[in-house]
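Participant: Below is the structure I would like to discuss, written out as structure tokens.
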Amino acid sequence: MIHLLAAIVPPVPIDSGSTAWMLTSSALVLLMVPGLALFYGGMVRRKNILTTMMHSYVAMAVIGVQWVTVGYAIAFGQSHGGWFGWSWPAVGLHGITPASMYADKGIPEFVFIMFQGKFAIITPALISGAVAERMKFSSYVVFILLWSTFIYCPLAHWVWATGGWLFNYGVLDYAGGTVVHISAGVSALVLSYMLGPRRDHPEGTLLPNNLVLTLLGAGLLWFGWFGFNAGSAVGIEHPVAGASAGLAFATTQTAAATAALVWMLIEWQHTGKPTSLGMASGIVAGLVAITPAAGHVMPLSAMVIGAVASLVCFYAVRLKSRLGYDDSLDAFGVHGVGGIWGALATGLFAVTPVAGLFAGNAAQFTKQAVGVGVTIAFAALGTWVIAGLVKATMGLRVSEQQERDGLDITIHGERGYHF
Amino acid sequence: MIHLLAAIVPPVPIDSGSTAWMLTSSALVLLMVPGLALFYGGMVRRKNILTTMMHSYVAMAVIGVQWVTVGYAIAFGQSHGGWFGWSWPAVGLHGITPASMYADKGIPEFVFIMFQGKFAIITPALISGAVAERMKFSSYVVFILLWSTFIYCPLAHWVWATGGWLFNYGVLDYAGGTVVHISAGVSALVLSYMLGPRRDHPEGTLLPNNLVLTLLGAGLLWFGWFGFNAGSAVGIEHPVAGASAGLAFATTQTAAATAALVWMLIEWQHTGKPTSLGMASGIVAGLVAITPAAGHVMPLSAMVIGAVASLVCFYAVRLKSRLGYDDSLDAFGVHGVGGIWGALATGLFAVTPVAGLFAGNAAQFTKQAVGVGVTIAFAALGTWVIAGLVKATMGLRVSEQQERDGLDITIHGERGYHF
Amino acid sequence: MIHLLAAIVPPVPIDSGSTAWMLTSSALVLLMVPGLALFYGGMVRRKNILTTMMHSYVAMAVIGVQWVTVGYAIAFGQSHGGWFGWSWPAVGLHGITPASMYADKGIPEFVFIMFQGKFAIITPALISGAVAERMKFSSYVVFILLWSTFIYCPLAHWVWATGGWLFNYGVLDYAGGTVVHISAGVSALVLSYMLGPRRDHPEGTLLPNNLVLTLLGAGLLWFGWFGFNAGSAVGIEHPVAGASAGLAFATTQTAAATAALVWMLIEWQHTGKPTSLGMASGIVAGLVAITPAAGHVMPLSAMVIGAVASLVCFYAVRLKSRLGYDDSLDAFGVHGVGGIWGALATGLFAVTPVAGLFAGNAAQFTKQAVGVGVTIAFAALGTWVIAGLVKATMGLRVSEQQERDGLDITIHGERGYHF
Amino acid sequence: MKLIIAVIRPEKLDAVQSALQGALDEGDGYRVTVQTVDGHGRQAGEVEYFRGQPVRQRLVQKTQITIGVNDKYVEPAIQAILSAAKTDKGEIGDGKIFVLPLEECIRIRTGERGGSAI
Amino acid sequence: MKLIIAVIRPEKLDAVQSALQGALDEGDGYRVTVQTVDGHGRQAGEVEYFRGQPVRQRLVQKTQITIGVNDKYVEPAIQAILSAAKTDKGEIGDGKIFVLPLEECIRIRTGERGGSAI
Amino acid sequence: MKLIIAVIRPEKLDAVQSALQGALDEGDGYRVTVQTVDGHGRQAGEVEYFRGQPVRQRLVQKTQITIGVNDKYVEPAIQAILSAAKTDKGEIGDGKIFVLPLEECIRIRTGERGGSAI
Ligand SMILES: Nc1ncnc2c1ncn2[C@@H]1O[C@H](COP(=O)(O)OP(=O)(O)O)[C@@H](O)[C@H]1O
Ligand SMILES: Nc1ncnc2c1ncn2[C@@H]1O[C@H](COP(=O)(O)OP(=O)(O)O)[C@@H](O)[C@H]1O
Ligand SMILES: Nc1ncnc2c1ncn2[C@@H]1O[C@H](COP(=O)(O)OP(=O)(O)O)[C@@H](O)[C@H]1O
């Protein structure tokens with residue numbers, strides 16, 4: 001998303017078509033949260049399904065409140081030197097009226113705020129894949145609140161807000177390769193190291209309780225991702241429901257399909273078993289990788305991006321058993337690695353509105369690499385500090401007995417199923 | 001929804017953006033019905049899951065037909081003294097053409113009819129939460145048909161149709177606090193008294209069969225509710241996809257998030273267990289309470305409305321064991337109580353297009369109180385008469401053995417799961 | 001969908017409202033694929049749930065790639081004598097730019113391509129209902145790839161592309177009665193004969209593993225179908241989000257509701273048990289039958305179409321045990337029979353933009369009958385050839401032991417549930 | 001010592017547990033192991049419908065309870081089950097009780113054996 | 001009286017039930033209690049995959065059937081199970097039959113005891 | 001021959017299986033049948049919450065294992081279970097072992113009977 005400072009553009013009348021699409025997109029991105037809850041929830045053991053789903057749902061509650069309170073102000077308020085935003089009227093949105101328009105896009109500012117708020121909600125929820133089955137729920141809640149405020153919001157400001165320093169430098173991130181996926185994926189990796197592996201992890205009979213949910217979750221994510229990516233045309237053009245949105249929709253669809261196909265073929269080749277979890281993983285890997293590139297590349301490039309995404313993620317996931325960390329549901333393996341590939345690939349394949357390496361503009365690739373490097377460093381360091389603080393004060397892990405008996409009954413006082 | 005009489009305004013050309021948003025909103029509201037089916041279905045015991053879901057699905061079938069046959073004519077036909085509507089061309093929609101436009105909103109009348117029809121469908125389905133696990137299916141079908149025709153349609157006319165007496169009086173109900181939630185919630189309460197409690201209820205080992213479904217249902221409801229509330233801008237302004245819709249979207253999101261957070265905190269405080277059912281209940285309570293207020297209040301007020309909604313609903317739900325009625329899934333506790341609070345809160349916090357008490361217009365609060373009182377009285381009395389008739393002729397309850405063996409197998413000849 | 005050749009019309013500016021609706025519709029149709037996966041997946045036995053869902057998901061992967069590679073070129077490229085299309089720039093979409101507009105509809109061509117691509121994905125997935133629980137997965141993948149390329153794409157060209165011979169002849173098919181449902185349903189029948197029945201089929205204790213999924217799937221299908229049908233206004237008028245879309249939305253809703261109600265009443269009458277599977281089947285039958293007629297008929301006609309759809313499909317499904325083929329999940333009984341009825345009914349009830357028999361234009365009924373006949377013949381013959389080839393080279397069926405142990409574990413190396 | 005295995009109606013489990021508590025609890029609770037089974041007796045399985053076609057299940061869902069008891073508690077346990085598991089007038093499907101000889105019983109927590117471990 | 005407990009392949013249950021019906025039905029049906037179990041014998045558990053990583057299950061799903069019979073029906077019941085539960089040439093995983101002494105049997109519906117209650 | 005039935009904590013199953021393998025495997029694997037049960041012993045059931053209202057479950061989930069053994073393996077099997085199923089200091093809920101006389105054992109695959117079939 002690239003956008004201009006609202007203050008300096010003359011008011012534009014409401015464009016009902018663009019507003020319709022942005023309302024729809026915001027709703028679609030919200031639906032990704034239950035989608036993610038199912039995707040992750042299906043993969044854990046029965047005794048931890050509710051707590052895993054709650055990791056996503058509680059983000060809707062906590063970040064939902066944080067965003068309208070201060071999050072939006074930090075991410076999209078008046079820029080302070082390119083490092084963070086702050087605008088008093090944006091606090092609690094108290095100074096924004098229904099008539100306030102967002103930039104020159106013909107949509108109410110409230111709609112833009114909501115669309116962005118959904119991104120702020122889903123990003124910390126992505127991290128939860130790494131901490132499944134062992135993190136204390138209270139610590140998780142505090143962690144995502146701090147992480148969103150001190151990592152996500154500034155990063156969104158750097159990359160997406162007019163005046164953000166990476167925005168000024170020229171990093172392209174259509175819908176959140178760096179801001180959303182790399183930041184979440186890298187933080188997931190750091191957190192999984194800090195937490196340590198699940199106690200019964202190496203023995204490894206940790207079979208998913210309900211792959212139907214995982215498949216359904218992947219389907220809802222795919223559906224919602226059209227809002228995520230094609231709605232991000234809001235950063236590019238007016239009307240929002242136009243050429244850029246159409247392109248982003250087409251590349252999103254193409255990358256997801258190709259990645260799903262390639263992951264399946266890799267599995268068929270390796271083990272002879274094309275799994276449904278592989279199908280779901282391929283879908284998500286393709287969607288992640290195309291995110292930063294969606295409105296910048298052509299569909300044939302999206303195919304390549306999707307195909308390579310499955311290749312690198314498939315092998316990244318296998319790395320984990322060798323390196324000994326326990327990224328339970330591969331938040332880093334899929335979102336981190338897929339996001340890094342996608343952000344770099346944007347620098348390779350971009351054609352609109354800026355050219356990438358293959359279109360003769362090597363400088364863009366450098367910018368993308370810088371964007372990736374900065375995001376990795378900031379997210380890793382920030383997570384290490386925040387999680388360290390939480391560990392020192394509240395602890396990060398549940399007790400051994402809670403882990404053994406399952407987090408659903410011990411933390412939430414419930415069981416997922418009573419059959 | 002406030003709207004003008006179609007007949008007296010000059011034709012307005014199609015506004016494709018508004019039409020796009022209203023088509024989307026109508027589809028979103030339909031999706032709330034499966035969402036509700038899951039929300040409720042997950043909470044009952046395994047032996048009653050299908051019949052509980054069927055309570056929602058059959059409303060799509062029965063009210064879906066009733067609405068296009070006579071429902072729309074009663075609710076939105078030419079007003080007869082403000083009490084009910086009737087227009088011959090609206091019967092079977094036979095006099096409405098694809099070119100018929102709705103009022104001055106730039107959308108085809110068919111789209112408005114469909115949007116409203118989805119409200120008519122979901123409202124009786126809400127009631128079903130109170131009758132779960134013991135009501136005769138045939139009686140339920142007859143009941144909702146009569147209830148929709150003689151309670152819902154007139155009430156919608158009173159409050160929403162141009163010329164409706166409560167509309168003229170000035171009651172604000174943006175998307176259905178009185179018409180939908182209070183009417184359904186109060187009727188649920190009356191019905192649960194008339195049915196009596198489930199036989200094995202007081203012993204109380206009635207644990208939900210599948211909370212995953214309940215969480216997913218709450219997620220789908222949240223998603224669909226954006227259509228419900230932000231689509232209700234159709235009553236306020238042109239283009240429909242504009243400032244009012246943007247505001248309604250923002251308050252809906254904010255109230256739901258805040259209510260979910262507050263319900264969780266209350267539970268944490270009370271029992272030490274933040275449950276997933278509490279999360280789902282908080283979401284729904286917040287959505288219910290913001291419904292009448294959505295396009296009338298600012299986001300900060302939405303926070304207060306959501307927070308208080310969880311407080312009052314949480315305690316209302318606990319009341320039930322003391323008062324001895326068996327509102328199985330808390331249709332009254334959440335929709336009735338949340339709706340009453342929301343309708344009153346609209347009178348407190350409204351700022352646009354009419355001011356409420358806190359903005360210096362105490363009269364609006366009085367109007368809201370009258371709206372609430374009238375709705376409670378009408379719904380309670382009407383339900384008592386209709387359910388009384390059904391009880392006298394068909395009976396309301398299943399046999400003891402059917403209740404024991406479960407309604408799925410005895411009424412529908414099926415079991416939810418064959419694992 | 002009726003549309004004009006893009007080349008001969010002057011460029012039209014982007015209409016953001018139409019684009020918003022087509023983006024939304026495309027997303028909605030994608031969601032129908034997970035919806036179908038659940039609808040079918042819930043009906044099979046536990047040991048085959050994943051493979052059944054994968055039949056739908058793999059279509060997203062395989063046809064998703066095929067469509068942007070060659071499918072769109074064959075279906076909607078420059079017509080070669082009305083028989084098939086081909087345009088070099090459409091191959092890999094490499095010659096299409098974000099600025100390319102579709103015909104005179106004010107939407108980017110990419111959006112039209114995506115919308116159509118979702119139809120291409122779901123159609124072969126519909127067939128999978130007939131082959132459930134016994135078809136080799138690899139053969140299925142090859143089959144749908146060939147079937148889509150050599151049956152679906154040409155048929156879409158004949159009926160929907162400017163210059164297609166059935167299009168020129170005047171067959172009406174608003175959203176895919178012939179192209180989608182008849183072709184899939186008839187192919188399903190042929191395939192179920194070629195495969196033979198499941199080994200333990202006649203004994204018939206084949207109870208559905210999870211009807212909750214089937215109900216949810218039917219709900220998602222209903223929701224997505226609004227995009228399928230009301231999005232198909234793209235073939236009729238500009239703006240797309242206008243009168244025709246509104247009509248199609250209204251008839252879709254009405255037919256689905258009526259069919260659901262009628263199927264329930266038939267069951268109540270026959271067995272005394274109104275089942276949830278009947279509810280789900282009625283919904284789908286109604287949606288199928290209204291598909292070709294959606295924007296051509298009035299709501300009262302939609303009621304008749306829906307009611308008759310449930311009648312004919314209910315009895316068609318019962319035929320199967322008498323004729324001895326094993327169309328496991330009634331892909332022919334519902335989609336084939338419902339589609340034939342719908343396509344013929346379009347010739348009876350059409351009023352806009354062309355009249356049908358009851359409006360005095362008997363010729364239209366003849367055209368519909370020809371369209372139905374041609375589709376049946378082409379699909380049956382084509383499937384017989386393609387499936388014959390696959391059978392001769394790869395075989396169609398799994399081994400006896402794989403069938404006994406379930407396809408999930410033997411083919412995909414997974415189990416749906418670990419409870 | 002005996003091992004009592006009883007197959008009962010699922011909906012009678014609560015009543016049977018209460019009756020067993022009455023008969024067996026000596027202050028330290030009563031002990032029972034419960035499982036879900038499917039049975040075939042004179043009672044026929046239920047009929048379900050699949051798209052209009054009736055499918056008769058061969059089996060009916062039942063609940064099986066297993067109790068290890070010292071000899072003097074055998075008869076009280078049987079009486080408790082009989083009284084609580086029987087429907088009003090006794091209906092087909094009420095279930096059955098089997099009594100098996102039990103040679104040894106060991107409490108895992110303590111390693112105790114025999115009658116006191118039960 | 002004996003209590004026969006047999007562990008068989010799940011897919012053989014239908015055949016075993018039919019065979020038992022043939023061997024035991026005296027006109028008032030046959031009686032059996034069925035449950036789902038997991039077993040470990042010479043047969044190895046299945047391999048599943050989780051994101052490309054093979055996971056070998058230690059246990060295989062089996063079906064356990066329990067039948068209380070009078071002494072003269074013990075051998076017919078065993079033969080019925082043997083004939084119906086065995087795969088063509090007999091394969092590892094076909095299962096096992098255990099026969100236990102049964103001291104008492106009580107029909108809950110009537111309170112009858114002993115051989116006639118079985 | 002004896003039939004050993006043990007009720008243990010579900011989370012101990014892996015350890016018990018390994019211990020049994022150590023005690024019983026003579027090169028052709030060890031044999032055991034496992035099922036999920038619900039138990040009531042001195043250990044109380046868990047408390048769940050339904051909209052703020054606590055619901056105490058009467059039963060706790062347990063795992064039951066069944067092993068047919070020849071007489072000389074009875075004690076090793078018991079010791080294996082005891083050592084693996086017991087929590088550190090022994091806690092309420094650790095479970096129980098029952099030993100029943102087993103009259104006959106038949107391998108379905110071969111029809112072998114008796115000690116060699118076990
Ligand atoms: N002889 C038996 N062997 C195994 N299970 C039995 C036996 N008799 C009864 N059962 C179990 O008890 C359940 C109820 O039996 P029921 O129909 O009441 O027996 P009856 O027909 O002897 O009165 C059956 O479904 C079955 O699970
Ligand atoms: N001695 C035993 N004790 C308990 N269960 C047994 C025993 N032997 C066999 N089983 C059960 O029977 C199932 C099938 O055994 P199988 O592999 O056919 O035995 P075998 O290896 O002796 O031929 C096992 O999975 C297990 O559930
Ligand atoms: N006498 C018994 N009869 C049946 N099951 C028993 C018996 N004793 C124990 N169990 C089973 O073992 C489980 C654990 O028992 P536990 O609480 O450890 O026993 P104890 O209180 O004797 O130490 C119980 O939940 C129950 O399933």
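Chain identifiers are assigned as A, B, and so on, following the order in which chains appear in the structure tokens; residues are numbered from 1 within each chain, and ligands are numbered from 1 in order of appearance.
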Determine, counting only C-alpha atoms, which protein, DNA and RNA residues have an atom within 7 Å of an atom of range 66-71 of chain F; residues of the same chain fewer than 2 positions away are not included. Present the result as an MDAnalysis selection string.
Facilitator: chainID F and resid 1:6 31:34 64 73:74 115 118
Participant: Write out the residues from the selection above, keeping N, CA and C atoms, as a compact mmCIF listing (two decimals), in the first residue's frame.
Facilitator:
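And here's selection.txt as it stands now:
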```
# COMPACT_ATOMS: atom_id res chain seq x y z
N MET F 1 -3.12 -69.32 31.45
CA MET F 1 -3.17 -68.04 30.75
C MET F 1 -4.03 -67.06 31.54
N LYS F 2 -3.64 -65.80 31.47
CA LYS F 2 -4.42 -64.77 32.17
C LYS F 2 -4.75 -63.63 31.20
N LEU F 3 -5.82 -62.94 31.54
CA LEU F 3 -6.13 -61.72 30.83
C LEU F 3 -5.91 -60.57 31.80
N ILE F 4 -4.99 -59.70 31.45
CA ILE F 4 -4.71 -58.56 32.32
C ILE F 4 -5.42 -57.34 31.76
N ILE F 5 -6.23 -56.70 32.60
CA ILE F 5 -6.90 -55.47 32.20
C ILE F 5 -6.40 -54.36 33.10
N ALA F 6 -5.83 -53.33 32.52
CA ALA F 6 -5.32 -52.24 33.35
C ALA F 6 -5.94 -50.93 32.89
N ARG F 31 1.90 -57.84 22.29
CA ARG F 31 0.51 -57.67 21.87
C ARG F 31 -0.30 -56.99 22.95
N VAL F 32 -1.11 -56.07 22.54
CA VAL F 32 -1.91 -55.36 23.52
C VAL F 32 -3.10 -54.75 22.78
N THR F 33 -4.21 -54.61 23.49
CA THR F 33 -5.38 -53.95 22.92
C THR F 33 -5.71 -52.77 23.82
N VAL F 34 -5.95 -51.63 23.20
CA VAL F 34 -6.09 -50.39 23.95
C VAL F 34 -7.45 -49.77 23.68
N GLN F 64 -7.68 -47.85 28.85
CA GLN F 64 -7.69 -49.22 29.33
C GLN F 64 -6.88 -50.08 28.38
N TYR F 73 4.40 -64.92 32.15
CA TYR F 73 4.58 -63.51 31.81
C TYR F 73 3.67 -62.58 32.61
N VAL F 74 2.83 -63.17 33.48
CA VAL F 74 1.89 -62.33 34.22
C VAL F 74 2.63 -61.32 35.09
N GLY F 115 -1.49 -71.57 24.61
CA GLY F 115 -0.36 -70.72 24.95
C GLY F 115 0.42 -70.19 23.76
N ILE F 118 -1.08 -66.99 21.96
CA ILE F 118 -1.32 -65.75 22.69
C ILE F 118 -0.52 -64.57 22.11
```
Participant: Quick one: residues within 10 Å of Leu319 in chain B, only C-alpha atoms, excluding same-chain residues fewer than 6 positions away - as a list in words?
Facilitator: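 Selected residues are Cys313, Tyr325 and Gly333 of chain B.
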Participant: Mind writing the picked residues with N, CA, C and O atoms as a CSV table (one decimal), in the first residue's frame?
Facilitator:
```csv
chain,number,residue,atom,x,y,z
B,313,CYS,N,-25.2,-8.7,29.9
B,313,CYS,CA,-25.6,-10.0,29.4
B,313,CYS,C,-25.0,-11.1,30.3
B,313,CYS,O,-25.6,-12.1,30.5
B,325,TYR,N,-36.3,-20.6,34.6
B,325,TYR,CA,-36.7,-20.9,33.2
B,325,TYR,C,-35.5,-21.5,32.5
B,325,TYR,O,-34.3,-21.3,32.9
B,333,GLY,N,-31.1,-14.0,27.2
B,333,GLY,CA,-30.0,-13.4,27.9
B,333,GLY,C,-29.1,-12.6,27.0
B,333,GLY,O,-28.5,-11.6,27.5
```
Participant: Around ligand 3, out to 9 Å and counting only C-alpha atoms and all ligand atoms, which residues are there? I want them as a ChimeraX atom specification.
Facilitator: /D:3-4,28-34,65-70,105-110,117-118 /F:6-9,37-45,59-64,90-98
Participant: Contacts from chain D to chain C, 9 Å maximum, only C-alpha atoms: show me the residue list as JSON, numbers by chain.
Facilitator: {"D": [48, 49, 50, 51, 52, 53, 54, 55, 56, 57, 58]}
Participant: Any chance you could fit chain D onto chain E with least squares, all Cα atoms in order, and share the moved copy as a tab-separated table (two decimals) with C-alpha atoms, in the first residue's frame?
Facilitator:
```tsv
chain	number	residue	atom	x	y	z
D	1	MET	CA	-21.15	-69.97	30.59
D	2	LYS	CA	-18.29	-68.24	28.88
D	3	LEU	CA	-17.48	-64.75	27.85
D	4	ILE	CA	-15.88	-64.63	24.42
D	5	ILE	CA	-13.84	-61.56	23.60
D	6	ALA	CA	-12.56	-61.31	20.04
D	7	VAL	CA	-10.45	-58.62	18.43
D	8	ILE	CA	-11.01	-58.46	14.68
D	9	ARG	CA	-10.46	-56.26	11.64
D	10	PRO	CA	-13.07	-53.47	11.54
D	11	GLU	CA	-13.99	-54.29	7.96
D	12	LYS	CA	-14.90	-57.87	8.97
D	13	LEU	CA	-17.52	-56.83	11.49
D	14	ASP	CA	-20.44	-57.18	9.13
D	15	ALA	CA	-19.40	-60.67	8.08
D	16	VAL	CA	-18.78	-61.75	11.67
D	17	GLN	CA	-22.18	-60.49	12.74
D	18	SER	CA	-23.85	-62.47	10.00
D	19	ALA	CA	-21.89	-65.58	10.92
D	20	LEU	CA	-22.80	-65.19	14.58
D	21	GLN	CA	-26.41	-64.79	13.67
D	22	GLY	CA	-26.20	-68.06	11.80
D	23	ALA	CA	-24.54	-69.82	14.71
D	24	LEU	CA	-26.37	-68.36	17.68
D	25	ASP	CA	-29.80	-67.18	16.67
D	26	GLU	CA	-32.46	-69.42	18.13
D	27	GLY	CA	-35.27	-67.25	16.87
D	28	ASP	CA	-34.90	-64.41	19.29
D	29	GLY	CA	-31.89	-62.81	17.64
D	30	TYR	CA	-28.27	-63.11	18.67
D	31	ARG	CA	-26.50	-60.89	21.17
D	32	VAL	CA	-23.20	-59.19	20.90
D	33	THR	CA	-21.50	-56.06	22.20
D	34	VAL	CA	-19.09	-54.24	19.94
D	35	GLN	CA	-16.50	-51.59	20.56
D	36	THR	CA	-13.77	-49.77	18.76
D	37	VAL	CA	-10.28	-50.43	20.08
D	38	ASP	CA	-6.70	-49.90	18.99
D	39	GLY	CA	-4.40	-52.83	18.87
D	40	HIS	CA	-0.78	-53.74	18.65
D	41	GLY	CA	0.13	-57.18	17.47
D	42	ARG	CA	2.61	-58.36	14.91
D	43	GLN	CA	0.93	-55.94	12.51
D	44	ALA	CA	2.62	-52.55	12.51
D	45	GLY	CA	0.70	-49.30	12.83
D	46	GLU	CA	0.05	-47.15	9.82
D	47	VAL	CA	2.31	-44.40	8.64
D	48	GLU	CA	0.87	-40.93	8.35
D	49	TYR	CA	2.53	-37.81	7.08
D	50	PHE	CA	2.64	-34.42	8.73
D	51	ARG	CA	4.09	-31.78	6.43
D	52	GLY	CA	6.34	-34.30	4.73
D	53	GLN	CA	7.46	-35.99	7.93
D	54	PRO	CA	6.40	-39.61	8.36
D	55	VAL	CA	4.77	-40.48	11.67
D	56	ARG	CA	4.34	-44.16	12.42
D	57	GLN	CA	1.34	-44.89	14.57
D	58	ARG	CA	2.00	-47.48	17.27
D	59	LEU	CA	-1.51	-48.82	17.09
D	60	VAL	CA	-3.92	-50.06	14.47
D	61	GLN	CA	-7.65	-49.62	14.69
D	62	LYS	CA	-9.48	-52.83	15.52
D	63	THR	CA	-12.95	-53.87	16.53
D	64	GLN	CA	-13.59	-55.84	19.68
D	65	ILE	CA	-16.67	-57.96	20.12
D	66	THR	CA	-17.89	-59.47	23.35
D	67	ILE	CA	-20.35	-62.34	23.54
D	68	GLY	CA	-21.75	-64.10	26.56
D	69	VAL	CA	-22.69	-67.69	25.63
D	70	ASN	CA	-23.84	-70.90	27.20
D	71	ASP	CA	-21.24	-73.63	27.11
D	72	LYS	CA	-22.64	-75.52	24.16
D	73	TYR	CA	-22.51	-72.44	22.03
D	74	VAL	CA	-18.87	-71.67	22.71
D	75	GLU	CA	-17.46	-73.75	19.91
D	76	PRO	CA	-20.04	-72.68	17.30
D	77	ALA	CA	-19.38	-69.06	18.18
D	78	ILE	CA	-15.63	-69.53	17.85
D	79	GLN	CA	-16.05	-71.25	14.51
D	80	ALA	CA	-18.31	-68.52	13.26
D	81	ILE	CA	-15.79	-65.85	14.18
D	82	LEU	CA	-12.88	-67.83	12.77
D	83	SER	CA	-14.55	-68.37	9.43
D	84	ALA	CA	-15.79	-64.83	8.99
D	85	ALA	CA	-12.91	-62.82	10.46
D	86	LYS	CA	-10.07	-64.53	8.65
D	87	THR	CA	-8.77	-62.99	5.46
D	88	ASP	CA	-8.33	-65.27	2.45
D	89	LYS	CA	-5.04	-66.88	3.39
D	90	GLY	CA	-4.83	-65.47	6.87
D	91	GLU	CA	-2.83	-62.31	7.31
D	92	ILE	CA	-1.10	-60.71	10.21
D	93	GLY	CA	-3.65	-58.51	11.92
D	94	ASP	CA	-6.57	-60.90	11.55
D	95	GLY	CA	-7.01	-60.85	15.29
D	96	LYS	CA	-7.55	-63.04	18.28
D	97	ILE	CA	-10.23	-64.72	20.34
D	98	PHE	CA	-10.18	-64.99	24.13
D	99	VAL	CA	-12.49	-67.21	26.15
D	100	LEU	CA	-13.11	-66.38	29.79
D	101	PRO	CA	-15.13	-68.20	32.42
D	102	LEU	CA	-18.41	-66.46	33.12
D	103	GLU	CA	-19.93	-67.01	36.55
D	104	GLU	CA	-23.19	-65.26	36.29
D	105	CYS	CA	-25.37	-63.50	33.79
D	106	ILE	CA	-28.40	-61.37	34.56
D	107	ARG	CA	-30.98	-59.88	32.22
D	108	ILE	CA	-31.76	-56.43	33.51
D	109	ARG	CA	-35.23	-56.26	32.00
D	110	THR	CA	-36.49	-59.34	33.85
D	111	GLY	CA	-33.94	-60.03	36.53
D	112	GLU	CA	-33.57	-63.62	35.20
D	113	ARG	CA	-30.20	-65.18	35.96
D	114	GLY	CA	-28.01	-67.87	34.48
D	115	GLY	CA	-28.10	-69.67	31.20
D	116	SER	CA	-31.55	-68.54	30.20
D	117	ALA	CA	-30.63	-64.92	30.71
D	118	ILE	CA	-27.74	-64.95	28.35
```
Participant: Any idea what's packed within 9 Å of range 174-177 of chain B, counting only C-alpha atoms, ignoring anything in its chain fewer than 6 positions away? Could you give it as a ChimeraX atom specification?
Facilitator: /B:1-2,119,156,160,183,228-233,235-236,248,288-296,335,338-343,372
Participant: Given a cut-off of 6 Å, which residues of chain A touch chain C, counting only C-alpha atoms, written out as number ranges by chain?
Facilitator: A: 17-18, 21, 209-211, 219, 223, 241, 243, 246-247, 257-258, 260-261, 273-275
Participant: Which of range 78-172 of chain B end up as strand (DSSP E) when DSSP is run on this backbone - answer as a PyMOL selection string?
Facilitator: chain B and resi 79-80+84-85+101-102+107-108
Participant: How many Å lie between CA of Gln116 in chain C and CA of Ile151 in chain C, rounded to one decimal?
Facilitator: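 So the answer is 15.2 Å.
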Participant: Do you know which residues are at most 9 Å from Gly163 in chain C counting only C-alpha atoms, after dropping those on the same chain fewer than 5 positions away, and could you put them as a ChimeraX atom specification?
Facilitator: /C:4-5,78-83,157-158,168
Participant: For the structure I just gave you, how does DSSP split chain F - specifically, which residues are alpha helix (DSSP H)? Reply as number ranges by chain.
Facilitator: F: 13-24, 74-85
Participant: Would you mind listing what lies within 7 Å of Glu133 in chain A as a list in words, with only C-alpha atoms counted and same-chain residues fewer than 3 positions away left out?
Facilitator: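 What passes the distance filter is Asn48, Glu403 and Leu407 of chain A.
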Participant: Please measure the separation of CA of Val70 in chain B and CA of Trp86 in chain B, giving the value in Å to one decimal.
Facilitator: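 Computing the Euclidean distance for CA of Val70 in chain B and CA of Trp86 in chain B yields 8.6 Å.
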